$ cat input_29.cif   # mmCIF, C-alpha atoms
data_model
#
loop_
_atom_site.label_atom_id
_atom_site.label_comp_id
_atom_site.auth_asym_id
_atom_site.auth_seq_id
_atom_site.Cartn_x
_atom_site.Cartn_y
_atom_site.Cartn_z
CA MET W 1 -62.51 22.41 71.00
CA LYS W 2 -64.82 25.35 71.63
CA GLY W 3 -67.69 25.79 69.21
CA ARG W 4 -66.59 22.92 66.96
CA TRP W 5 -67.83 19.37 66.46
CA THR W 6 -66.02 16.50 68.13
CA PRO W 7 -64.58 14.08 65.55
CA ARG W 8 -66.44 10.77 65.23
CA PRO W 9 -64.75 7.44 64.62
CA ALA W 10 -63.32 7.25 61.12
CA SER W 11 -64.87 3.89 60.27
CA GLY W 12 -68.45 2.66 60.66
CA GLY W 13 -70.10 6.01 60.16
CA LEU W 14 -72.39 7.54 62.76
CA TRP W 15 -73.56 4.15 64.05
CA ARG W 16 -70.13 3.87 65.76
CA ASP W 17 -70.57 7.23 67.46
CA ARG W 18 -72.13 6.37 70.83
CA ARG W 19 -73.18 9.95 71.51
CA PHE W 20 -75.08 10.20 68.25
CA VAL W 21 -76.68 6.77 68.74
CA ARG W 22 -77.80 7.76 72.24
CA PHE W 23 -79.29 10.99 70.98
CA TRP W 24 -80.90 9.18 68.03
CA CYS W 25 -82.54 6.70 70.42
CA GLY W 26 -83.99 9.53 72.52
CA GLN W 27 -85.42 11.32 69.52
CA SER W 28 -86.80 8.09 68.08
CA VAL W 29 -88.69 7.24 71.28
CA SER W 30 -90.04 10.80 71.46
CA GLN W 31 -91.22 10.67 67.85
CA PHE W 32 -93.23 7.50 68.49
CA GLY W 33 -94.95 9.19 71.43
CA ASP W 34 -95.73 12.27 69.34
CA ARG W 35 -97.56 10.18 66.73
CA ILE W 36 -99.93 8.92 69.41
CA SER W 37 -100.73 12.43 70.67
CA GLU W 38 -101.17 13.81 67.14
CA LEU W 39 -103.96 11.29 66.66
CA ALA W 40 -105.31 11.26 70.22
CA LEU W 41 -105.77 15.02 70.69
CA PRO W 42 -107.94 15.60 67.56
CA LEU W 43 -109.90 12.42 68.28
CA MET W 44 -110.41 13.60 71.85
CA ALA W 45 -111.76 16.90 70.53
CA VAL W 46 -113.94 15.25 67.85
CA GLY W 47 -115.16 12.24 69.82
CA ALA W 48 -115.39 13.21 73.47
CA LEU W 49 -115.99 16.95 73.08
CA HIS W 50 -117.83 16.96 69.69
CA ALA W 51 -115.60 19.70 68.27
CA SER W 52 -116.41 21.40 64.96
CA ALA W 53 -114.01 21.77 62.03
CA ASN W 54 -113.08 25.27 63.21
CA GLN W 55 -112.42 24.07 66.74
CA VAL W 56 -110.18 21.26 65.51
CA ALA W 57 -108.36 23.81 63.33
CA TRP W 58 -107.80 26.01 66.40
CA LEU W 59 -106.28 23.03 68.21
CA THR W 60 -103.77 22.58 65.39
CA ALA W 61 -103.13 26.33 65.23
CA LEU W 62 -102.33 26.63 68.93
CA VAL W 63 -99.66 23.92 68.74
CA TRP W 64 -97.74 26.06 66.24
CA THR W 65 -98.60 29.59 67.48
CA PRO W 66 -95.61 29.76 69.90
CA ASN W 67 -93.32 29.66 66.87
CA LEU W 68 -94.26 33.30 66.34
CA LEU W 69 -92.02 33.94 69.37
CA GLY W 70 -89.18 31.89 67.86
CA LEU W 71 -87.28 35.01 66.78
CA PHE W 72 -86.87 36.09 70.41
CA LEU W 73 -86.68 32.63 71.99
CA GLY W 74 -83.89 31.74 69.57
CA ALA W 75 -81.96 34.89 70.47
CA TRP W 76 -82.42 34.09 74.17
CA VAL W 77 -81.29 30.47 73.70
CA ASP W 78 -78.23 31.54 71.67
CA HIS W 79 -77.09 33.73 74.58
CA ARG W 80 -77.31 30.92 77.13
CA PRO W 81 -74.79 28.15 77.85
CA GLY W 82 -75.90 24.55 78.11
CA LYS W 83 -78.20 23.93 75.14
CA ARG W 84 -78.42 20.29 76.25
CA GLN W 85 -79.90 21.30 79.62
CA LEU W 86 -82.51 23.46 77.90
CA MET W 87 -83.53 20.52 75.70
CA LEU W 88 -83.79 18.26 78.74
CA LEU W 89 -85.99 20.74 80.65
CA ALA W 90 -88.22 21.26 77.61
CA ASP W 91 -88.81 17.49 77.41
CA LEU W 92 -89.68 17.21 81.10
CA PHE W 93 -92.03 20.20 80.89
CA ARG W 94 -93.93 18.66 77.95
CA ALA W 95 -94.28 15.38 79.83
CA ALA W 96 -95.75 17.15 82.86
CA VAL W 97 -98.24 19.16 80.77
CA LEU W 98 -99.46 16.10 78.87
CA LEU W 99 -100.04 14.17 82.10
CA THR W 100 -102.69 16.72 83.12
CA LEU W 101 -105.04 15.24 80.48
CA PRO W 102 -105.39 11.72 81.93
CA ILE W 103 -105.65 13.25 85.41
CA ALA W 104 -108.50 15.50 84.25
CA TYR W 105 -110.08 12.52 82.50
CA VAL W 106 -110.13 10.52 85.76
CA LEU W 107 -111.76 13.53 87.47
CA ASP W 108 -114.21 13.94 84.54
CA THR W 109 -113.11 17.55 83.96
CA VAL W 110 -111.56 17.43 80.46
CA THR W 111 -112.55 20.50 78.44
CA LEU W 112 -111.73 21.99 75.06
CA GLY W 113 -110.04 24.85 76.91
CA GLN W 114 -107.67 22.40 78.57
CA LEU W 115 -106.84 20.84 75.20
CA TYR W 116 -106.06 24.32 73.86
CA THR W 117 -103.83 25.07 76.87
CA VAL W 118 -101.94 21.80 76.50
CA ALA W 119 -101.42 22.50 72.80
CA LEU W 120 -100.09 26.02 73.52
CA LEU W 121 -97.73 25.01 76.35
CA THR W 122 -96.28 21.96 74.61
CA GLY W 123 -95.83 24.06 71.47
CA THR W 124 -93.86 26.66 73.43
CA ALA W 125 -91.58 24.03 74.93
CA ALA W 126 -91.06 22.58 71.45
CA VAL W 127 -89.76 25.96 70.19
CA VAL W 128 -87.22 26.12 73.03
CA PHE W 129 -86.14 22.54 72.30
CA ASN W 130 -85.82 23.10 68.55
CA THR W 131 -83.85 26.35 68.76
CA ALA W 132 -81.41 24.73 71.20
CA TYR W 133 -81.31 21.61 69.00
CA SER W 134 -79.87 23.48 65.99
CA SER W 135 -76.71 24.38 67.90
CA PHE W 136 -76.52 21.04 69.70
CA PHE W 137 -76.79 19.10 66.42
CA ALA W 138 -74.01 21.16 64.78
CA HIS W 139 -71.63 20.26 67.61
CA LEU W 140 -72.68 16.62 67.75
CA VAL W 141 -72.25 15.82 64.03
CA PRO W 142 -69.43 16.83 61.62
CA PRO W 143 -70.64 18.89 58.62
CA ASP W 144 -69.85 16.26 56.01
CA SER W 145 -72.19 13.89 57.91
CA TYR W 146 -75.17 16.28 58.11
CA VAL W 147 -77.10 14.47 55.37
CA GLU W 148 -76.32 11.07 56.90
CA ALA W 149 -77.36 12.21 60.38
CA ASN W 150 -80.55 13.88 59.17
CA SER W 151 -81.34 10.78 57.14
CA LYS W 152 -81.05 8.56 60.22
CA LEU W 153 -83.08 10.91 62.41
CA SER W 154 -85.70 11.31 59.70
CA ALA W 155 -85.82 7.55 59.14
CA SER W 156 -86.76 6.93 62.77
CA ARG W 157 -89.28 9.76 62.54
CA SER W 158 -90.77 8.11 59.46
CA ALA W 159 -90.81 4.74 61.20
CA SER W 160 -92.84 6.39 63.95
CA PHE W 161 -95.39 7.46 61.35
CA ILE W 162 -95.70 3.80 60.30
CA ALA W 163 -96.29 2.22 63.69
CA GLY W 164 -97.25 5.24 65.79
CA PRO W 165 -100.67 6.03 64.30
CA ALA W 166 -101.68 2.36 64.28
CA ILE W 167 -100.60 2.00 67.90
CA GLY W 168 -102.24 5.31 68.75
CA GLY W 169 -105.49 4.38 67.03
CA GLY W 170 -105.53 1.06 68.88
CA LEU W 171 -104.78 2.71 72.23
CA VAL W 172 -107.47 5.34 71.70
CA GLN W 173 -110.00 2.68 70.75
CA ALA W 174 -109.08 0.43 73.69
CA LEU W 175 -108.25 2.93 76.45
CA THR W 176 -109.76 6.29 75.29
CA ALA W 177 -107.74 9.24 73.97
CA PRO W 178 -106.80 10.91 77.30
CA VAL W 179 -105.24 7.69 78.62
CA ALA W 180 -103.36 7.11 75.35
CA VAL W 181 -101.60 10.47 75.82
CA ILE W 182 -99.66 8.95 78.74
CA ALA W 183 -97.49 7.15 76.18
CA ASP W 184 -96.30 10.48 74.75
CA ALA W 185 -95.54 11.83 78.24
CA LEU W 186 -93.41 8.77 78.97
CA SER W 187 -91.59 9.20 75.65
CA PHE W 188 -90.58 12.76 76.60
CA MET W 189 -89.20 11.45 79.90
CA ALA W 190 -87.12 8.87 78.03
CA SER W 191 -85.87 11.56 75.64
CA ALA W 192 -84.87 13.77 78.57
CA ILE W 193 -82.79 10.96 80.11
CA LEU W 194 -80.98 10.17 76.86
CA VAL W 195 -80.41 13.83 75.89
CA GLY W 196 -79.06 14.47 79.38
CA ARG W 197 -76.45 11.74 78.85
CA THR W 198 -75.35 13.03 75.41
CA ARG W 199 -72.52 15.47 76.03
CA VAL W 200 -70.92 17.68 73.37
CA ASP W 201 -68.27 20.41 73.40
CA GLU W 202 -70.51 23.45 73.21
CA PRO W 203 -69.26 27.04 72.69
CA ALA W 204 -68.15 29.04 75.70
CA PRO W 205 -70.96 31.05 77.38
CA THR W 206 -71.70 34.43 75.86
CA VAL W 207 -70.85 37.26 78.26
CA SER W 208 -73.80 38.99 79.91
CA THR W 209 -72.69 42.39 78.56
CA GLY W 210 -73.26 41.32 74.95
CA PRO W 211 -75.84 42.72 72.55
CA SER W 212 -79.43 43.13 73.69
CA LEU W 213 -82.05 40.48 73.04
CA LEU W 214 -83.67 42.65 70.37
CA ARG W 215 -80.37 43.22 68.56
CA ARG W 216 -79.51 39.50 68.62
CA ALA W 217 -82.97 38.71 67.26
CA ARG W 218 -82.48 41.24 64.43
CA GLU W 219 -79.10 39.70 63.57
CA GLY W 220 -80.66 36.26 63.23
CA LEU W 221 -83.47 37.57 61.03
CA ALA W 222 -81.05 39.62 58.90
CA PHE W 223 -78.92 36.55 58.18
CA VAL W 224 -81.98 34.58 57.04
CA ILE W 225 -83.14 37.41 54.79
CA HIS W 226 -79.78 38.17 53.16
CA GLU W 227 -78.24 34.69 52.80
CA PRO W 228 -79.48 33.36 49.40
CA VAL W 229 -79.84 29.70 50.41
CA MET W 230 -81.64 30.52 53.66
CA ARG W 231 -83.93 33.07 51.98
CA ALA W 232 -85.03 30.78 49.15
CA GLY W 233 -85.43 27.82 51.48
CA LEU W 234 -87.53 29.88 53.87
CA LEU W 235 -89.86 31.19 51.15
CA CYS W 236 -90.35 27.69 49.74
CA ALA W 237 -90.87 26.02 53.14
CA THR W 238 -93.21 28.76 54.36
CA THR W 239 -95.41 28.42 51.27
CA LEU W 240 -95.44 24.64 51.74
CA ASN W 241 -96.36 24.96 55.39
CA PHE W 242 -99.18 27.40 54.77
CA PHE W 243 -100.91 25.23 52.17
CA THR W 244 -100.30 21.85 53.80
CA PHE W 245 -101.64 23.23 57.07
CA LEU W 246 -104.90 24.19 55.40
CA THR W 247 -105.71 20.57 56.19
CA GLY W 248 -103.06 19.57 58.74
CA THR W 249 -103.38 16.36 60.73
CA GLY W 250 -106.55 17.61 62.43
CA LEU W 251 -108.70 18.18 59.34
CA LEU W 252 -107.33 15.04 57.69
CA VAL W 253 -108.47 13.08 60.73
CA LEU W 254 -111.82 14.89 60.61
CA PHE W 255 -112.18 14.12 56.88
CA ALA W 256 -111.31 10.46 57.42
CA ASP W 257 -113.70 10.22 60.37
CA ARG W 258 -116.76 12.09 59.08
CA VAL W 259 -116.52 11.98 55.27
CA LEU W 260 -114.73 8.69 54.68
CA GLN W 261 -116.41 7.21 57.78
CA LEU W 262 -113.37 5.26 58.92
CA SER W 263 -112.88 4.01 62.48
CA PRO W 264 -110.01 5.30 64.66
CA GLY W 265 -108.17 2.02 64.15
CA ALA W 266 -108.62 2.21 60.37
CA ILE W 267 -107.43 5.83 60.30
CA GLY W 268 -104.32 4.91 62.27
CA LEU W 269 -103.69 1.96 59.96
CA ALA W 270 -103.99 4.10 56.81
CA PHE W 271 -101.63 6.73 58.21
CA GLY W 272 -99.20 4.03 59.34
CA VAL W 273 -99.14 2.23 55.98
CA GLY W 274 -98.77 5.53 54.14
CA ALA W 275 -95.88 6.52 56.39
CA THR W 276 -93.71 3.75 54.95
CA GLY W 277 -93.10 6.27 52.18
CA GLY W 278 -91.47 8.54 54.74
CA LEU W 279 -89.16 5.79 55.93
CA LEU W 280 -88.21 4.97 52.34
CA GLY W 281 -87.70 8.67 51.56
CA ALA W 282 -85.48 9.22 54.60
CA VAL W 283 -83.32 6.18 53.84
CA ALA W 284 -83.14 6.97 50.12
CA SER W 285 -82.41 10.70 50.50
CA PRO W 286 -78.60 10.45 50.73
CA GLY W 287 -78.47 8.23 47.64
CA ILE W 288 -80.84 10.47 45.68
CA ALA W 289 -78.79 13.51 46.72
CA ARG W 290 -75.60 11.85 45.48
CA ARG W 291 -77.29 11.03 42.18
CA ILE W 292 -79.10 14.28 41.30
CA GLY W 293 -77.61 16.69 43.87
CA VAL W 294 -78.72 18.02 47.26
CA GLY W 295 -80.44 21.08 45.76
CA ARG W 296 -82.43 19.24 43.11
CA SER W 297 -83.56 16.75 45.74
CA VAL W 298 -85.00 19.67 47.70
CA ALA W 299 -86.91 20.84 44.60
CA VAL W 300 -88.35 17.40 43.86
CA GLY W 301 -89.47 17.04 47.47
CA ALA W 302 -91.12 20.47 47.38
CA VAL W 303 -93.56 19.18 44.74
CA LEU W 304 -93.95 15.57 45.84
CA PHE W 305 -94.79 16.50 49.43
CA PRO W 306 -97.99 18.56 48.92
CA ALA W 307 -99.37 17.36 45.58
CA PRO W 308 -100.76 13.99 46.83
CA ILE W 309 -102.97 15.77 49.38
CA ALA W 310 -105.33 16.57 46.53
CA LEU W 311 -105.68 12.82 45.85
CA VAL W 312 -107.36 12.29 49.21
CA ALA W 313 -110.28 14.41 48.03
CA ALA W 314 -111.00 11.74 45.39
CA ALA W 315 -111.36 8.96 47.98
CA THR W 316 -114.70 7.18 47.58
CA GLY W 317 -116.20 3.70 47.14
CA PRO W 318 -115.95 0.73 49.51
CA VAL W 319 -113.88 0.83 52.69
CA TRP W 320 -110.83 -0.83 51.10
CA ALA W 321 -110.82 1.78 48.31
CA ARG W 322 -111.07 4.70 50.75
CA LEU W 323 -108.29 3.23 52.86
CA GLY W 324 -106.18 2.57 49.76
CA ILE W 325 -106.42 6.11 48.41
CA LEU W 326 -105.73 7.65 51.81
CA GLY W 327 -102.76 5.33 52.34
CA ALA W 328 -101.32 5.91 48.84
CA ALA W 329 -101.55 9.69 49.16
CA GLU W 330 -99.89 9.55 52.56
CA PHE W 331 -97.13 7.31 51.14
CA LEU W 332 -96.21 9.72 48.33
CA SER W 333 -96.48 12.79 50.55
CA ALA W 334 -94.34 11.24 53.28
CA PHE W 335 -91.65 10.28 50.74
CA GLY W 336 -91.64 13.83 49.41
CA VAL W 337 -91.42 15.56 52.79
CA MET W 338 -88.45 13.41 53.83
CA LEU W 339 -86.64 14.15 50.56
CA PHE W 340 -87.31 17.84 51.15
CA ASP W 341 -86.47 17.98 54.87
CA VAL W 342 -83.34 15.83 54.96
CA ASN W 343 -81.62 17.75 52.19
CA LEU W 344 -82.83 21.27 53.02
CA ASN W 345 -82.02 20.91 56.74
CA SER W 346 -78.53 19.64 55.90
CA LEU W 347 -77.96 22.39 53.35
CA GLN W 348 -79.06 25.12 55.73
CA ALA W 349 -76.99 23.72 58.60
CA SER W 350 -73.95 24.01 56.34
CA VAL W 351 -74.32 27.75 55.70
CA VAL W 352 -75.06 29.08 59.22
CA PRO W 353 -72.10 30.24 61.39
CA ASN W 354 -71.82 28.62 64.83
CA GLY W 355 -72.48 31.80 66.79
CA LEU W 356 -75.79 32.42 65.02
CA ARG W 357 -77.35 28.96 64.97
CA SER W 358 -80.06 29.24 67.63
CA ARG W 359 -81.14 32.76 66.72
CA VAL W 360 -81.22 31.87 63.01
CA ALA W 361 -83.28 28.78 63.87
CA GLY W 362 -85.61 30.98 65.91
CA ALA W 363 -85.99 33.58 63.17
CA TYR W 364 -86.54 30.85 60.59
CA SER W 365 -89.18 29.09 62.67
CA THR W 366 -90.98 32.37 63.42
CA VAL W 367 -91.80 32.70 59.73
CA ASN W 368 -91.76 29.08 58.58
CA TYR W 369 -93.64 27.54 61.50
CA GLY W 370 -95.43 30.73 62.46
CA VAL W 371 -97.43 30.54 59.23
CA ARG W 372 -98.79 27.13 60.23
CA PRO W 373 -101.46 28.40 62.63
CA LEU W 374 -102.53 30.91 59.96
CA GLY W 375 -102.82 28.06 57.46
CA ALA W 376 -104.77 25.96 59.96
CA LEU W 377 -107.24 28.79 60.67
CA VAL W 378 -107.69 29.59 56.97
CA GLY W 379 -108.19 25.88 56.37
CA GLY W 380 -110.89 25.76 59.04
CA GLU W 381 -112.75 28.66 57.42
CA LEU W 382 -112.31 27.19 53.94
CA ALA W 383 -113.58 23.80 55.14
CA THR W 384 -116.61 25.49 56.71
CA LEU W 385 -117.44 27.52 53.60
CA GLY W 386 -116.36 25.21 50.76
CA GLY W 387 -116.16 21.77 52.35
CA LEU W 388 -113.33 19.46 53.27
CA ARG W 389 -112.78 18.10 49.74
CA VAL W 390 -112.24 21.59 48.30
CA THR W 391 -109.80 22.36 51.10
CA LEU W 392 -107.75 19.26 50.28
CA VAL W 393 -107.48 20.22 46.60
CA VAL W 394 -106.41 23.80 47.39
CA ALA W 395 -103.79 22.51 49.84
CA GLY W 396 -102.28 20.10 47.31
CA VAL W 397 -102.16 22.44 44.33
CA GLY W 398 -101.10 25.54 46.28
CA GLY W 399 -98.33 23.67 48.08
CA ALA W 400 -96.79 22.38 44.84
CA VAL W 401 -96.41 25.95 43.58
CA SER W 402 -93.83 26.55 46.35
CA VAL W 403 -91.10 25.08 44.13
CA LEU W 404 -91.10 28.32 42.10
CA TRP W 405 -89.20 30.04 44.94
CA LEU W 406 -86.25 27.71 44.28
CA VAL W 407 -85.99 28.25 40.53
CA ALA W 408 -84.01 31.53 40.65
CA SER W 409 -82.00 30.60 43.76
CA PRO W 410 -78.61 28.86 44.12
CA ILE W 411 -80.26 25.78 45.65
CA PRO W 412 -80.95 23.67 42.51
CA GLY W 413 -77.27 23.96 41.50
CA ILE W 414 -75.83 22.73 44.80
CA ARG W 415 -74.71 19.11 44.52
CA GLU W 416 -72.94 18.24 47.78
CA LEU W 417 -71.77 19.50 51.18
CA GLY W 418 -68.19 19.53 52.46
CA ARG W 419 -66.32 19.85 55.71
CA ALA W 420 -66.39 23.13 57.60
CA PRO W 421 -63.45 25.50 57.26
CA ALA W 422 -62.01 27.28 60.29
CA GLY W 423 -64.96 29.65 60.54
CA GLY W 424 -67.37 26.80 61.18
CA VAL W 425 -69.41 27.04 57.94
CA ALA W 426 -69.41 24.08 55.60
CA VAL W 427 -68.67 24.45 51.89
CA ALA W 428 -71.50 23.74 49.45
CA HIS W 429 -70.21 22.50 46.11
CA SER W 430 -72.29 23.62 43.13
CA ASP W 431 -72.63 22.63 39.50
#

$ encode --input "input_29.cif" --output "structure tokens"
Amino acid sequence: MKGRWTPRPASGGLWRDRRFVRFWCGQSVSQFGDRISELALPLMAVGALHASANQVAWLTALVWTPNLLGLFLGAWVDHRPGKRQLMLLADLFRAAVLLTLPIAYVLDTVTLGQLYTVALLTGTAAVVFNTAYSSFFAHLVPPDSYVEANSKLSASRSASFIAGPAIGGGLVQALTAPVAVIADALSFMASAILVGRTRVDEPAPTVSTGPSLLRRAREGLAFVIHEPVMRAGLLCATTLNFFTFLTGTGLLVLFADRVLQLSPGAIGLAFGVGATGGLLGAVASPGIARRIGVGRSVAVGAVLFPAPIALVAAATGPVWARLGILGAAEFLSAFGVMLFDVNLNSLQASVVPNGLRSRVAGAYSTVNYGVRPLGALVGGELATLGGLRVTLVVAGVGGAVSVLWLVASPIPGIRELGRAPAGGVAVAHSD
């Protein structure tokens, strides 16, 4: 079948689909490695290079800046055959870039400029991977299993937030941050091997005489703007991303380190314990969606994800109290983001035609993820002028307001997703 998903076994769900399980394993390993780098890079900047709040904010911003090119990278990816090969190459490239940090550490030449370069290059490879992933996923999983598949992938991602930061904090404390980054590089290599062995029936290559790159990019953006579900989801997610990235992982680590005065191991432990909420949210998302509907689950997640960030600003008292507040806020936020992501990603995958998937993903990420570096930079300035506690409160309250974008859209009324008709777009059943 060209451009269609390959049927999975009728019984046993996706766990009986060897291709999905193989892909799930690769993504799970990669997610665990990412959690180590997300902690190690800011700690490397703060500890070894004595970075300021603004400099840490720039590090976070540069990771997400390449998403501003997503509109064109997505159009380029959509025009190329072999999305799986692009994903494999993106993984190998990220592994090679990350390995430059421990090498520079051995040579005693690690600089903030190198950290910025690593953040920019790995961020660019991530955009290529993610735009290819949207098409690959649609041909790996049948539409009526989107929520189940996203739940399983998000569950492993959440599990990585439980163990990853604790492992990362321990590795940084025992081996130093640059050496700990090796674990993430190895995880990308493992992902590349497993992705390379996961074959799907992808669409036939687009002929070279097709529309120009600019026209394909415009088509992807036009679909996002005019399709009601995509438009409302984009506005909500973009608002969420802007406000939550006022703090981001970098400033949260900085707040925990300098204001709460927690050790790297304690910070990793708090993030890991809090991340159990993400695992619970990912596992519970399909059941919650069946009970209250896919669309309403998105709306609940849109509030529950950002609001707890403001609670971190209230952290004070003895060490156990500071750890408890940080962990509780992370728990609630992680539950909310999984409820939001699992259901919104599944809903959006059901309304995008096969021939537009990568360019729509690129256009979507240009706006949605492209606002993240802006949020990170604004957060750095706000933290410098008003302090870290004020920044946390603004991030929590402002992010919760994002749910207003959903109120007048079709999303809250959508209860479930169905199988795709001949055109390749799944049916969304509404109230």

$ atom_distance --input "input_29.cif" --atom1 "CA of Leu339 in chain W" --atom2 "CA of Leu323 in chain W"
24.4 Å

$ closest_atom_pairs --input "input_29.cif" --of "range 31-93 of chain W" --to "range 115-125 of chain W" --cutoff "10 Å" --atoms "all atoms listed in the file" --output "JSON lines"
{"residue": "W:Leu41", "atom": "CA", "partner": "W:Leu115", "partner_atom": "CA", "distance": 7.4}
{"residue": "W:Pro42", "atom": "CA", "partner": "W:Leu115", "partner_atom": "CA", "distance": 9.3}
{"residue": "W:Met44", "atom": "CA", "partner": "W:Leu115", "partner_atom": "CA", "distance": 8.7}
{"residue": "W:Ala45", "atom": "CA", "partner": "W:Leu115", "partner_atom": "CA", "distance": 7.8}
{"residue": "W:Gln55", "atom": "CA", "partner": "W:Tyr116", "partner_atom": "CA", "distance": 9.6}
{"residue": "W:Val56", "atom": "CA", "partner": "W:Tyr116", "partner_atom": "CA", "distance": 9.8}
{"residue": "W:Trp58", "atom": "CA", "partner": "W:Tyr116", "partner_atom": "CA", "distance": 7.8}
{"residue": "W:Leu59", "atom": "CA", "partner": "W:Tyr116", "partner_atom": "CA", "distance": 5.8}
{"residue": "W:Thr60", "atom": "CA", "partner": "W:Ala119", "partner_atom": "CA", "distance": 7.8}
{"residue": "W:Ala61", "atom": "CA", "partner": "W:Ala119", "partner_atom": "CA", "distance": 8.7}
{"residue": "W:Leu62", "atom": "CA", "partner": "W:Leu120", "partner_atom": "CA", "distance": 5.1}
{"residue": "W:Val63", "atom": "CA", "partner": "W:Ala119", "partner_atom": "CA", "distance": 4.6}
{"residue": "W:Trp64", "atom": "CA", "partner": "W:Gly123", "partner_atom": "CA", "distance": 5.9}
{"residue": "W:Thr65", "atom": "CA", "partner": "W:Leu120", "partner_atom": "CA", "distance": 7.2}
{"residue": "W:Pro66", "atom": "CA", "partner": "W:Thr124", "partner_atom": "CA", "distance": 5.0}
{"residue": "W:Asn67", "atom": "CA", "partner": "W:Thr124", "partner_atom": "CA", "distance": 7.2}
{"residue": "W:Leu68", "atom": "CA", "partner": "W:Thr124", "partner_atom": "CA", "distance": 9.7}
{"residue": "W:Leu69", "atom": "CA", "partner": "W:Thr124", "partner_atom": "CA", "distance": 8.5}
{"residue": "W:Gly70", "atom": "CA", "partner": "W:Thr124", "partner_atom": "CA", "distance": 9.0}
{"residue": "W:Leu73", "atom": "CA", "partner": "W:Thr124", "partner_atom": "CA", "distance": 9.4}
{"residue": "W:Leu86", "atom": "CA", "partner": "W:Ala125", "partner_atom": "CA", "distance": 9.6}
{"residue": "W:Met87", "atom": "CA", "partner": "W:Ala125", "partner_atom": "CA", "distance": 8.8}
{"residue": "W:Leu89", "atom": "CA", "partner": "W:Ala125", "partner_atom": "CA", "distance": 8.6}
{"residue": "W:Ala90", "atom": "CA", "partner": "W:Ala125", "partner_atom": "CA", "distance": 5.1}
{"residue": "W:Asp91", "atom": "CA", "partner": "W:Ala125", "partner_atom": "CA", "distance": 7.5}
{"residue": "W:Leu92", "atom": "CA", "partner": "W:Ala125", "partner_atom": "CA", "distance": 9.4}
{"residue": "W:Phe93", "atom": "CA", "partner": "W:Ala125", "partner_atom": "CA", "distance": 7.1}

$ write_last_selection --input "input_29.cif" --atoms "C-alpha atoms" --output "PDB file, keeping the file's coordinate frame"
ATOM      1  CA  LEU W  41    -105.770  15.020  70.690  1.00  0.00           C
ATOM      2  CA  PRO W  42    -107.940  15.600  67.560  1.00  0.00           C
ATOM      3  CA  MET W  44    -110.410  13.600  71.850  1.00  0.00           C
ATOM      4  CA  ALA W  45    -111.760  16.900  70.530  1.00  0.00           C
ATOM      5  CA  GLN W  55    -112.420  24.070  66.740  1.00  0.00           C
ATOM      6  CA  VAL W  56    -110.180  21.260  65.510  1.00  0.00           C
ATOM      7  CA  TRP W  58    -107.800  26.010  66.400  1.00  0.00           C
ATOM      8  CA  LEU W  59    -106.280  23.030  68.210  1.00  0.00           C
ATOM      9  CA  THR W  60    -103.770  22.580  65.390  1.00  0.00           C
ATOM     10  CA  ALA W  61    -103.130  26.330  65.230  1.00  0.00           C
ATOM     11  CA  LEU W  62    -102.330  26.630  68.930  1.00  0.00           C
ATOM     12  CA  VAL W  63     -99.660  23.920  68.740  1.00  0.00           C
ATOM     13  CA  TRP W  64     -97.740  26.060  66.240  1.00  0.00           C
ATOM     14  CA  THR W  65     -98.600  29.590  67.480  1.00  0.00           C
ATOM     15  CA  PRO W  66     -95.610  29.760  69.900  1.00  0.00           C
ATOM     16  CA  ASN W  67     -93.320  29.660  66.870  1.00  0.00           C
ATOM     17  CA  LEU W  68     -94.260  33.300  66.340  1.00  0.00           C
ATOM     18  CA  LEU W  69     -92.020  33.940  69.370  1.00  0.00           C
ATOM     19  CA  GLY W  70     -89.180  31.890  67.860  1.00  0.00           C
ATOM     20  CA  LEU W  73     -86.680  32.630  71.990  1.00  0.00           C
ATOM     21  CA  LEU W  86     -82.510  23.460  77.900  1.00  0.00           C
ATOM     22  CA  MET W  87     -83.530  20.520  75.700  1.00  0.00           C
ATOM     23  CA  LEU W  89     -85.990  20.740  80.650  1.00  0.00           C
ATOM     24  CA  ALA W  90     -88.220  21.260  77.610  1.00  0.00           C
ATOM     25  CA  ASP W  91     -88.810  17.490  77.410  1.00  0.00           C
ATOM     26  CA  LEU W  92     -89.680  17.210  81.100  1.00  0.00           C
ATOM     27  CA  PHE W  93     -92.030  20.200  80.890  1.00  0.00           C
TER      28      PHE W  93
END

$ closest_residue --input "input_29.cif" --among "W:Ile288, W:Ala155, W:Leu140, W:Leu235" --to "Met338 in chain W" --atoms "only C-alpha atoms"
W:Ala155

$ closest_residue --input "input_29.cif" --among "W:Leu356, W:Ala177, W:Val298, W:Leu213" --to "Ser409 in chain W" --atoms "only C-alpha atoms"
W:Val298

$ residues_around --input "input_29.cif" --residues "range 222-233 of chain W" --least-positions-apart "6" --cutoff "7 Å" --atoms "all atoms listed in the file" --output "list in words"
Gln348, Val360, Tyr364, Trp405, Leu406, Ser409, Pro410 and Ile411 of chain W

$ write_last_selection --input "input_29.cif" --atoms "C-alpha atoms" --output "CSV table (one decimal), in the frame of the given file"
chain,number,residue,atom,x,y,z
W,348,GLN,CA,-79.1,25.1,55.7
W,360,VAL,CA,-81.2,31.9,63.0
W,364,TYR,CA,-86.5,30.8,60.6
W,405,TRP,CA,-89.2,30.0,44.9
W,406,LEU,CA,-86.2,27.7,44.3
W,409,SER,CA,-82.0,30.6,43.8
W,410,PRO,CA,-78.6,28.9,44.1
W,411,ILE,CA,-80.3,25.8,45.6

$ resolve_selection --input "input_29.cif" --expression "the PyMOL selection byres ((chain W and resi 83) around 10)" --output "list in words"
Val77, Asp78, His79, Arg80, Pro81, Gly82, Arg84, Gln85, Leu86, Met87, Leu88, Val128, Phe129, Thr131, Ala132, Tyr133, Ser134, Ser135, Phe136, Val200, Glu202, Pro203 and Ser358 of chain W
